[in-house]
file input-v1.cif (mmCIF, C-alpha atoms)
data_entry
loop_
_atom_site.label_atom_id
_atom_site.label_comp_id
_atom_site.auth_asym_id
_atom_site.auth_seq_id
_atom_site.Cartn_x
_atom_site.Cartn_y
_atom_site.Cartn_z
CA MET A 259 0.00 0.00 0.00
CA VAL A 260 1.38 3.38 -1.02
CA ASN A 261 -0.54 6.18 0.70
CA GLY A 262 -0.60 9.91 0.32
CA ILE A 263 0.94 10.94 -2.99
CA ASN A 264 0.71 14.67 -2.55
CA THR A 265 0.82 17.40 -5.18
CA ASN A 266 3.17 20.31 -4.81
CA THR A 267 0.32 22.41 -3.39
CA GLY A 268 -0.51 19.75 -0.79
CA THR A 269 -4.22 19.96 -1.59
CA ASN A 270 -4.70 16.60 -3.40
CA THR A 271 -4.00 13.12 -2.10
CA ALA A 272 -4.26 9.80 -3.91
CA ASN A 273 -4.13 6.25 -2.61
CA VAL A 274 -2.53 3.60 -4.82
CA THR A 275 -2.71 -0.06 -3.84
CA THR A 276 -0.13 -2.44 -5.22
CA ALA A 277 -1.25 -5.81 -6.57
CA GLY A 278 -2.16 -8.22 -3.81
CA SER A 279 -0.01 -8.13 -0.71
CA ASN A 280 3.35 -8.22 -2.52
CA THR A 281 6.12 -6.20 -0.97
CA GLU A 282 7.89 -5.79 -4.33
CA LEU A 283 6.69 -3.42 -7.05
CA GLY A 284 5.98 -5.02 -10.42
CA LYS A 285 5.89 -3.20 -13.74
CA ASP A 286 2.11 -2.66 -13.50
CA ASP A 287 2.46 -1.10 -10.05
CA PHE A 288 5.30 1.09 -11.30
CA LEU A 289 3.18 2.27 -14.25
CA ASN A 290 0.22 3.02 -11.94
CA LEU A 291 2.44 5.18 -9.78
CA MET A 292 3.64 7.13 -12.80
CA ILE A 293 0.07 7.69 -14.07
CA THR A 294 -1.10 8.77 -10.61
CA GLN A 295 1.81 11.16 -10.35
CA LEU A 296 0.82 12.77 -13.68
CA LYS A 297 -2.86 12.85 -12.69
CA TYR A 298 -2.24 14.76 -9.49
CA GLN A 299 0.56 17.03 -10.60
CA ASP A 300 0.15 20.77 -10.09
CA PRO A 301 -0.77 22.36 -13.48
CA MET A 302 1.08 25.51 -12.37
CA ASP A 303 4.18 23.50 -11.61
CA PRO A 304 4.12 20.34 -13.80
CA LEU A 305 6.44 17.38 -13.41
CA ASP A 306 9.95 18.10 -14.61
CA SER A 307 10.40 16.56 -18.09
CA ALA A 308 13.88 15.26 -17.25
CA ALA A 309 12.58 13.50 -14.14
CA TYR A 310 9.66 12.04 -16.12
CA SER A 311 12.03 10.79 -18.85
CA SER A 312 14.15 9.16 -16.18
CA GLN A 313 11.09 7.40 -14.78
CA LEU A 314 10.12 6.20 -18.26
CA ALA A 315 13.62 4.77 -18.71
CA GLN A 316 13.33 2.98 -15.36
CA PHE A 317 9.96 1.54 -16.36
CA SER A 318 11.38 0.33 -19.67
CA SER A 319 14.31 -1.33 -17.90
CA LEU A 320 11.95 -2.97 -15.40
CA GLU A 321 9.76 -4.34 -18.19
CA GLN A 322 12.77 -5.74 -20.05
CA LEU A 323 14.11 -7.42 -16.90
CA THR A 324 10.67 -8.91 -16.21
CA ASN A 325 10.46 -10.30 -19.74
CA ILE A 326 13.99 -11.74 -19.48
CA ASN A 327 13.14 -13.39 -16.16
CA THR A 328 9.99 -14.92 -17.66
CA SER A 329 11.93 -16.22 -20.67
CA LEU A 330 14.61 -17.74 -18.43
CA ASN A 331 12.01 -19.48 -16.27
CA ASN A 332 10.29 -20.88 -19.36
CA SER A 333 13.65 -22.09 -20.69
CA ILE A 334 14.53 -23.77 -17.37
CA ASP A 335 11.15 -25.52 -17.28
CA ALA A 336 11.55 -26.72 -20.86
CA ASN A 337 15.08 -28.01 -20.18
CA TYR A 338 13.86 -29.86 -17.08
CA VAL A 339 11.11 -31.60 -19.03
CA LEU A 340 13.55 -32.49 -21.81
CA THR A 341 16.15 -33.83 -19.36
CA GLN A 342 13.51 -35.87 -17.53
CA SER A 343 12.28 -37.32 -20.83
CA ILE A 344 15.81 -38.31 -21.87
CA ASN A 345 16.50 -39.89 -18.46
CA ASN A 346 13.28 -41.87 -18.63
CA THR A 347 14.06 -43.14 -22.12
CA MET A 348 17.62 -44.14 -21.21
CA SER A 349 16.79 -45.73 -17.87
CA ALA A 350 14.13 -47.98 -19.42
CA SER A 351 16.93 -49.86 -21.20
CA TRP A 352 18.69 -50.56 -17.89
CA ILE A 353 16.24 -53.19 -16.63
CA GLY A 354 18.21 -56.37 -15.93
CA LYS A 355 21.53 -54.49 -15.72
CA ASP A 356 23.88 -54.75 -12.76
CA VAL A 357 24.71 -51.39 -11.19
CA LYS A 358 26.84 -49.80 -8.49
CA LEU A 359 25.02 -47.66 -5.93
CA THR A 360 26.38 -45.20 -3.42
CA GLY A 361 26.14 -45.93 0.28
CA SER A 362 26.73 -48.69 2.80
CA THR A 363 23.18 -49.93 3.48
CA LEU A 364 22.40 -53.58 2.78
CA THR A 365 18.70 -54.43 2.60
CA ASN A 366 17.58 -57.99 3.22
CA SER A 367 14.24 -58.32 1.47
CA GLY A 368 14.23 -62.09 1.13
CA GLN A 369 16.81 -62.58 -1.62
CA ASP A 370 19.52 -65.25 -1.33
CA GLU A 371 22.45 -62.84 -1.18
CA ILE A 372 23.47 -59.25 -1.70
CA GLY A 373 26.48 -57.72 -3.42
CA PHE A 374 28.52 -54.81 -2.10
CA GLY A 375 32.08 -53.58 -2.15
CA TYR A 376 34.67 -50.93 -1.48
CA ASN A 377 37.36 -48.97 -3.29
CA LEU A 378 40.86 -48.47 -1.91
CA PRO A 379 42.82 -45.43 -3.17
CA SER A 380 46.06 -47.11 -2.06
CA ALA A 381 47.12 -50.58 -1.00
CA ALA A 382 46.29 -51.62 2.56
CA THR A 383 48.23 -53.82 4.96
CA ASN A 384 45.33 -54.52 7.29
CA ILE A 385 41.65 -54.47 6.44
CA SER A 386 38.44 -55.34 8.25
CA VAL A 387 34.91 -55.56 6.82
CA LYS A 388 32.12 -55.70 9.39
CA ILE A 389 28.35 -55.82 8.95
CA TYR A 390 26.06 -54.31 11.59
CA ASP A 391 22.38 -54.74 12.38
CA LYS A 392 19.98 -51.86 13.02
CA ASN A 393 21.07 -51.70 16.66
CA GLY A 394 24.72 -51.26 15.75
CA ALA A 395 25.78 -54.75 16.80
CA VAL A 396 28.30 -56.63 14.65
CA VAL A 397 26.61 -59.63 13.04
CA LYS A 398 29.22 -60.57 10.46
CA THR A 399 32.97 -60.10 10.07
CA ILE A 400 34.47 -60.88 6.67
CA GLU A 401 38.00 -62.17 6.86
CA ASN A 402 40.70 -62.14 4.19
CA ALA A 403 39.22 -59.17 2.31
CA GLU A 404 41.33 -57.93 -0.59
CA LYS A 405 43.83 -55.18 0.15
CA GLY A 406 44.94 -53.96 -3.28
CA VAL A 407 44.21 -50.64 -4.96
CA GLY A 408 40.83 -50.30 -6.69
CA ASP A 409 37.37 -51.86 -6.45
CA HIS A 410 36.75 -55.03 -4.48
CA LYS A 411 33.41 -56.86 -4.57
CA LEU A 412 31.89 -59.03 -1.85
CA PHE A 413 28.71 -61.06 -1.47
CA TRP A 414 26.81 -61.76 1.73
CA ASP A 415 24.24 -64.54 2.19
CA PHE A 416 22.60 -62.84 5.22
CA THR A 417 24.08 -65.26 7.74
CA ASP A 418 25.82 -64.18 10.93
CA ASN A 419 29.22 -65.35 12.19
CA ASN A 420 27.59 -68.58 13.41
CA GLY A 421 25.99 -69.35 10.06
CA VAL A 422 22.50 -68.47 11.25
CA LYS A 423 20.22 -66.85 8.67
CA LEU A 424 19.29 -63.32 9.73
CA SER A 425 15.86 -61.69 9.47
CA SER A 426 14.78 -59.22 6.83
CA GLY A 427 15.62 -55.56 7.32
CA ASN A 428 18.39 -53.05 6.84
CA TYR A 429 22.02 -53.67 7.70
CA THR A 430 25.11 -51.54 7.21
CA PHE A 431 28.73 -52.38 6.55
CA LYS A 432 31.96 -50.60 7.36
CA VAL A 433 35.44 -51.03 5.95
CA THR A 434 38.44 -50.23 8.13
CA ALA A 435 41.84 -50.18 6.41
CA THR A 436 45.37 -49.14 7.36
CA ASN A 437 48.62 -49.00 5.43
CA GLY A 438 52.11 -50.22 6.38
CA ALA A 439 52.71 -47.09 8.45
CA GLY A 440 49.58 -47.73 10.48
CA LYS A 441 47.73 -44.79 8.96
CA ASP A 442 44.03 -45.09 8.14
CA ILE A 443 42.96 -45.41 4.52
CA THR A 444 39.51 -44.09 3.60
CA ALA A 445 37.61 -46.69 1.58
CA ASP A 446 34.62 -45.64 -0.52
CA THR A 447 31.75 -48.10 -0.13
CA PHE A 448 29.11 -49.13 -2.65
CA ARG A 449 26.28 -51.57 -3.30
CA ILE A 450 25.95 -53.90 -6.24
CA GLY A 451 22.56 -54.98 -7.49
CA THR A 452 20.34 -55.73 -10.45
CA ILE A 453 17.68 -53.33 -11.69
CA ASN A 454 14.39 -55.23 -11.52
CA SER A 455 12.05 -52.46 -12.67
CA ILE A 456 11.72 -48.71 -13.09
CA ARG A 457 8.97 -46.36 -11.94
CA PHE A 458 8.41 -42.85 -13.27
CA THR A 459 7.05 -40.50 -10.61
CA SER A 460 6.48 -36.76 -10.21
CA ASN A 461 9.63 -36.71 -8.06
CA GLY A 462 11.79 -38.32 -10.72
CA THR A 463 12.84 -41.76 -11.90
CA ILE A 464 12.79 -44.51 -9.28
CA LEU A 465 14.90 -47.63 -9.84
CA VAL A 466 13.97 -50.86 -8.06
CA VAL A 467 17.21 -52.72 -7.36
CA ASP A 468 16.88 -56.15 -5.74
CA GLY A 469 13.49 -55.12 -4.40
CA THR A 470 14.66 -51.81 -2.93
CA GLU A 471 13.89 -48.40 -4.40
CA TYR A 472 16.66 -45.95 -5.31
CA SER A 473 16.72 -42.61 -7.09
CA LEU A 474 18.57 -42.17 -10.36
CA SER A 475 21.24 -40.09 -8.61
CA ASP A 476 22.16 -43.09 -6.41
CA ILE A 477 23.51 -44.95 -9.47
CA THR A 478 27.25 -44.42 -9.94
CA GLU A 479 27.98 -46.99 -12.63
CA ILE A 480 26.31 -49.42 -15.01
CA LEU A 481 28.39 -52.59 -14.87
CA ASN A 482 29.36 -54.78 -17.79
CA PRO A 483 27.93 -58.34 -17.63
CA ASN A 484 31.34 -59.69 -16.62
CA GLU A 485 31.72 -57.20 -13.77
CA GLY A 486 28.60 -57.91 -11.73
#
call {"tool": "encode", "arguments": {"input": "input-v1.cif", "output": "structure tokens"}}
result
Amino acid sequence: MVNGINTNTGTNTANVTTAGSNTELGKDDFLNLMITQLKYQDPMDPLDSAAYSSQLAQFSSLEQLTNINTSLNNSIDANYVLTQSINNTMSASWIGKDVKLTGSTLTNSGQDEIGFGYNLPSAATNISVKIYDKNGAVVKTIENAEKGVGDHKLFWDFTDNNGVKLSSGNYTFKVTATNGAGKDITADTFRIGTINSIRFTSNGTILVVDGTEYSLSDITEILNPNEG
């Protein structure tokens, strides 16, 4: 709300309400202010032409910026739709493919086994791979894990250290590695699974890998048949 636009004589007052409850002036509000200013100017002392020209230039700049912003928004929307369409088309051909996924969560949904792994940036002297249940208790320790540089893949049959089959649910694994100097080596962890199906939702493409849903951004690599 802009109240009290007074003439030079102070005898006339106009009230101009901006659109809605916006706190920012749009080009229509700006134009209304200019028209109101002309309407209530003092005929004996009209608005200075230089000042009016300056206001016209400001209005023109505002309109151009508004049009540019609208065009950019339309372009962004169009690019998003195009990108989503391309992703959907490409991902449909991934059904049945083995993939690598980020993270260290292992979901037991009734399958016989689950694949996972880690990547070592440098060779390790000692390495330990442990799997934890939802309460943080160690249920499985994998001995003789590979220590060389690069990716290393493992498979777990959902049994604990005593060979007892564990219940369905989420588990996590952690890789601890040290080099010859006793310094820790950070190992990147990943999941390995097969894409069973794909769902297209308003929130993006959802991949169902071994019965568990993942977003497209969780996929880090499509594996060759001989790598799974």
call {"tool": "closest_residue", "arguments": {"input": "input-v1.cif", "among": "A:Leu424, A:Ile480, A:Ile293, A:Ile453", "to": "Glu371 of chain A", "atoms": "all atoms listed in the file"}}
result
A:Leu424
call {"tool": "closest_residue", "arguments": {"input": "input-v1.cif", "among": "A:Asn461, A:Thr383, A:Thr399, A:Thr417", "to": "Asp442 of chain A", "atoms": "all atoms listed in the file"}}
result
A:Thr383
call {"tool": "closest_residue", "arguments": {"input": "input-v1.cif", "among": "A:Gly394, A:Gly373, A:Gly354, A:Gly406", "to": "Thr436 of chain A", "atoms": "all atoms listed in the file"}}
result
A:Gly406
call {"tool": "closest_residue", "arguments": {"input": "input-v1.cif", "among": "A:Lys355, A:His410, A:Lys423, A:Lys392", "to": "Thr447 of chain A", "atoms": "all atoms listed in the file"}}
result
A:His410
call {"tool": "atom_distance", "arguments": {"input": "input-v1.cif", "atom1": "atom CA of Phe448 of chain A", "atom2": "atom CA of Lys358 of chain A"}}
result
6.3 Å
call {"tool": "resolve_selection", "arguments": {"input": "input-v1.cif", "expression": "the PyMOL selection byres ((chain A and resi 445) around 8)", "output": "number ranges by chain"}}
result
A: 376-379, 433-435, 443-444, 446-447
